[in-house]
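Structure record follows, encoded as structure tokens.
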Amino acid sequence: AQKVTQAQTEISVVEKEDVTLDCVYETRDTTYYLFWYKQPPSGELVFLIRRNSFDEQNEISGRYSWNFQKSTSSFNFTITASQVVDSAVYFCASVNGAGNMLTFGGGTRLMVKP
Amino acid sequence: NAGVTQTPKFRVLKTGQSMTLLCAQDMNHEYMYWYRQDPGMGLRLIHYSVGEGTTAKGEVPDGYNVSRLKKQNFLLGLESAAPSQTSVYFCASGTHRGRDYGYTFGSGTRLTVV
């Protein structure tokens, strides 16, 4: 079974600070997918990124970047120059190769203060 | 496209009442899921379906039943609601087709059992 741990339950930063959200996953599968979702105060779940287990390349999208390291079973998410609009709950999730069960971490609540 | 539509968006039930939550997707996705979200708990999988006519238990299935008679619909039933089932319920659909691999979530149903 998949397991996802987000050890940081809440993070508070001041606008323009950089912040990294940690995600550690456990799996016995060699093929798996990892995801990050954002849940703003309005409540919907917004897809941010998907990464498969064969692709360890880091990715950058604007102020967002992701660091995938199989050696440490981590898939960390960094926001550079944070903004108030980044305030949300962020979820890391994983699914095995069969794709039956998408498993979520407990989420990290990010508060960006002006 | 509407994506994933959940009805109703809000509902208040009395203990012991029954109700059905409807999830509909128009993306021809094979997989469908029901999650519940409780404060500080992240999203926990209740039941899921890998195709029309099939269902399987997730992490927290007790007190819920599901049916997927049509590919586009996934129903979640509460036969005898309990206060412990007060939560926000999210439906999702998913596909594993190549570059479209991923999951789309509905906007959620806020259920209160009094």
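Here's how to read the names in the structure tokens: chain A, B, ... by the order shown, residue numbers from 1 in each chain, ligand numbers from 1 in the order shown.
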Up to 8 Å from chain B, what residues of chain A turn up? Count only C-alpha atoms and give them as a ChimeraX atom specification. /A:9,43-45,47,50,91,99-107
When DSSP works through the backbone of this structure, what residues of region 3-112 of chain B end up as strand (DSSP E), shown as a ChimeraX atom specification? /B:4-7,10-13,19-25,31-38,42-49,56-57,65-67,73-78,87-95,102-105,109-112
Can I get the selected residues back with C-alpha atoms, as an mmCIF file, in the first residue's frame?
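Okay, this is what ended up in out.cif:
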```cif
data_model
loop_
_atom_site.group_PDB
_atom_site.id
_atom_site.type_symbol
_atom_site.label_atom_id
_atom_site.label_comp_id
_atom_site.auth_asym_id
_atom_site.auth_seq_id
_atom_site.Cartn_x
_atom_site.Cartn_y
_atom_site.Cartn_z
ATOM 1 C CA VAL B 4 -16.827 16.303 -12.493
ATOM 2 C CA THR B 5 -20.129 17.447 -11.027
ATOM 3 C CA GLN B 6 -21.257 16.622 -7.508
ATOM 4 C CA THR B 7 -24.787 17.021 -6.222
ATOM 5 C CA PHE B 10 -24.615 21.126 0.844
ATOM 6 C CA ARG B 11 -26.850 18.915 2.945
ATOM 7 C CA VAL B 12 -27.926 18.639 6.561
ATOM 8 C CA LEU B 13 -29.179 15.258 7.734
ATOM 9 C CA MET B 19 -29.139 9.953 1.438
ATOM 10 C CA THR B 20 -27.287 9.490 -1.834
ATOM 11 C CA LEU B 21 -24.551 11.711 -3.210
ATOM 12 C CA LEU B 22 -24.253 11.775 -6.973
ATOM 13 C CA CYS B 23 -21.059 12.192 -8.942
ATOM 14 C CA ALA B 24 -21.143 12.617 -12.707
ATOM 15 C CA GLN B 25 -18.223 12.955 -15.112
ATOM 16 C CA TYR B 31 -11.794 5.335 -12.697
ATOM 17 C CA MET B 32 -13.973 7.057 -10.139
ATOM 18 C CA TYR B 33 -13.431 7.718 -6.429
ATOM 19 C CA TRP B 34 -15.137 8.995 -3.316
ATOM 20 C CA TYR B 35 -13.079 10.706 -0.615
ATOM 21 C CA ARG B 36 -13.926 12.371 2.636
ATOM 22 C CA GLN B 37 -11.977 15.298 4.040
ATOM 23 C CA ASP B 38 -11.921 16.014 7.746
ATOM 24 C CA GLY B 42 -6.302 15.081 4.517
ATOM 25 C CA LEU B 43 -8.404 13.157 2.032
ATOM 26 C CA ARG B 44 -9.250 9.569 2.844
ATOM 27 C CA LEU B 45 -10.521 7.140 0.240
ATOM 28 C CA ILE B 46 -13.951 5.662 0.939
ATOM 29 C CA HIS B 47 -14.672 3.555 -2.143
ATOM 30 C CA TYR B 48 -13.530 3.507 -5.714
ATOM 31 C CA SER B 49 -14.393 1.982 -9.075
ATOM 32 C CA ALA B 56 -13.974 -1.679 -4.277
ATOM 33 C CA LYS B 57 -13.363 -0.579 -0.696
ATOM 34 C CA ASN B 65 -22.169 1.956 -0.058
ATOM 35 C CA VAL B 66 -21.514 2.794 -3.677
ATOM 36 C CA SER B 67 -22.753 1.873 -7.109
ATOM 37 C CA ASN B 73 -21.934 8.118 -12.657
ATOM 38 C CA PHE B 74 -20.701 7.048 -9.232
ATOM 39 C CA LEU B 75 -23.169 7.131 -6.352
ATOM 40 C CA LEU B 76 -22.289 7.233 -2.664
ATOM 41 C CA GLY B 77 -24.974 6.137 -0.230
ATOM 42 C CA LEU B 78 -25.346 6.609 3.487
ATOM 43 C CA SER B 87 -17.440 15.835 6.511
ATOM 44 C CA VAL B 88 -16.694 17.275 3.116
ATOM 45 C CA TYR B 89 -17.008 14.647 0.409
ATOM 46 C CA PHE B 90 -15.055 14.826 -2.819
ATOM 47 C CA CYS B 91 -15.603 12.779 -5.918
ATOM 48 C CA ALA B 92 -12.880 12.287 -8.489
ATOM 49 C CA SER B 93 -12.542 10.639 -11.850
ATOM 50 C CA GLY B 94 -9.312 9.440 -13.383
ATOM 51 C CA THR B 95 -7.724 8.131 -16.516
ATOM 52 C CA GLY B 102 -4.414 12.040 -13.886
ATOM 53 C CA TYR B 103 -7.436 12.802 -11.791
ATOM 54 C CA THR B 104 -10.126 15.479 -11.819
ATOM 55 C CA PHE B 105 -11.993 16.418 -8.657
ATOM 56 C CA THR B 109 -20.300 18.225 -0.905
ATOM 57 C CA ARG B 110 -20.465 19.567 2.624
ATOM 58 C CA LEU B 111 -22.538 17.159 4.727
ATOM 59 C CA THR B 112 -23.580 17.830 8.296
#
```
By how many Å are CA of Gly97 (chain A) and CA of Pro40 (chain A) apart?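 Answer for the CA of Gly97 (chain A) to CA of Pro40 (chain A) separation: 28.7 Å.
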DSSP on the backbone, then: every residue of chain B marked helix (DSSP H, G or I), written as a ChimeraX atom specification. /B:83-85,98-100
Saved selection, atoms kept: C-alpha atoms, as a PDB file, in the first residue's frame:
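Output (result-v7.pdb):
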```
ATOM      1  CA  PRO B  83     -22.601  12.478  13.296  1.00  0.00           C
ATOM      2  CA  SER B  84     -19.178  10.922  12.593  1.00  0.00           C
ATOM      3  CA  GLN B  85     -20.020  11.154   8.902  1.00  0.00           C
ATOM      4  CA  GLY B  98      -0.886   8.277 -21.727  1.00  0.00           C
ATOM      5  CA  ARG B  99      -0.266  11.954 -21.306  1.00  0.00           C
ATOM      6  CA  ASP B 100      -3.734  12.465 -19.860  1.00  0.00           C
TER       7      ASP B 100
END
```
Could you tell me which of A:Ser82, A:Asn52, A:Ser12, A:Thr20 comes closest to Leu34 (chain A) if we count only C-alpha atoms? A:Asn52
Interatomic distance (Å, one decimal) between CA of Glu10 (chain A) and CA of Asp22 (chain A): 11.3 Å
For CA of Leu21 (chain A) and CA of Thr5 (chain A), the interatomic separation in Å (one decimal):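 Calculated distance between CA of Leu21 (chain A) and CA of Thr5 (chain A) is 11.1 Å.
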Taking into account only C-alpha atoms, which residue in the set A:Leu48, A:Tyr32, A:Val89, A:Cys23 is nearest to Asn67 (chain A)? A:Cys23
I'd like to know which of A:Phe68, A:Trp36, A:Tyr90, A:Phe77 is closest to Phe54 (chain A), using only C-alpha atoms.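 Ranked by minimum distance to Phe54 (chain A), first place goes to A:Phe68.
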Considering only C-alpha atoms, return as a ChimeraX atom specification whatever protein or nucleic-acid residues lie within 10 Å of Val84 (chain A), sequence-local ones (same chain, fewer than 2 positions apart) excluded. /A:13-16,82,86-88,110-114
Restrict the selected residues to C-alpha atoms and save them as a compact mmCIF listing (two decimals), in the first residue's frame.
```
# COMPACT_ATOMS: atom_id res chain seq x y z
CA VAL A 13 5.93 32.90 6.03
CA VAL A 14 6.10 36.55 5.12
CA GLU A 15 5.47 37.54 1.53
CA LYS A 16 8.50 37.20 -0.78
CA SER A 82 5.82 33.59 -2.00
CA ASP A 86 -0.23 31.14 -2.40
CA SER A 87 -2.00 30.75 0.93
CA ALA A 88 -3.71 27.37 0.75
CA LEU A 110 0.65 27.48 4.05
CA MET A 111 -0.08 30.98 5.29
CA VAL A 112 1.65 33.82 3.50
CA LYS A 113 1.40 37.08 5.38
CA PRO A 114 1.75 40.46 3.69
```
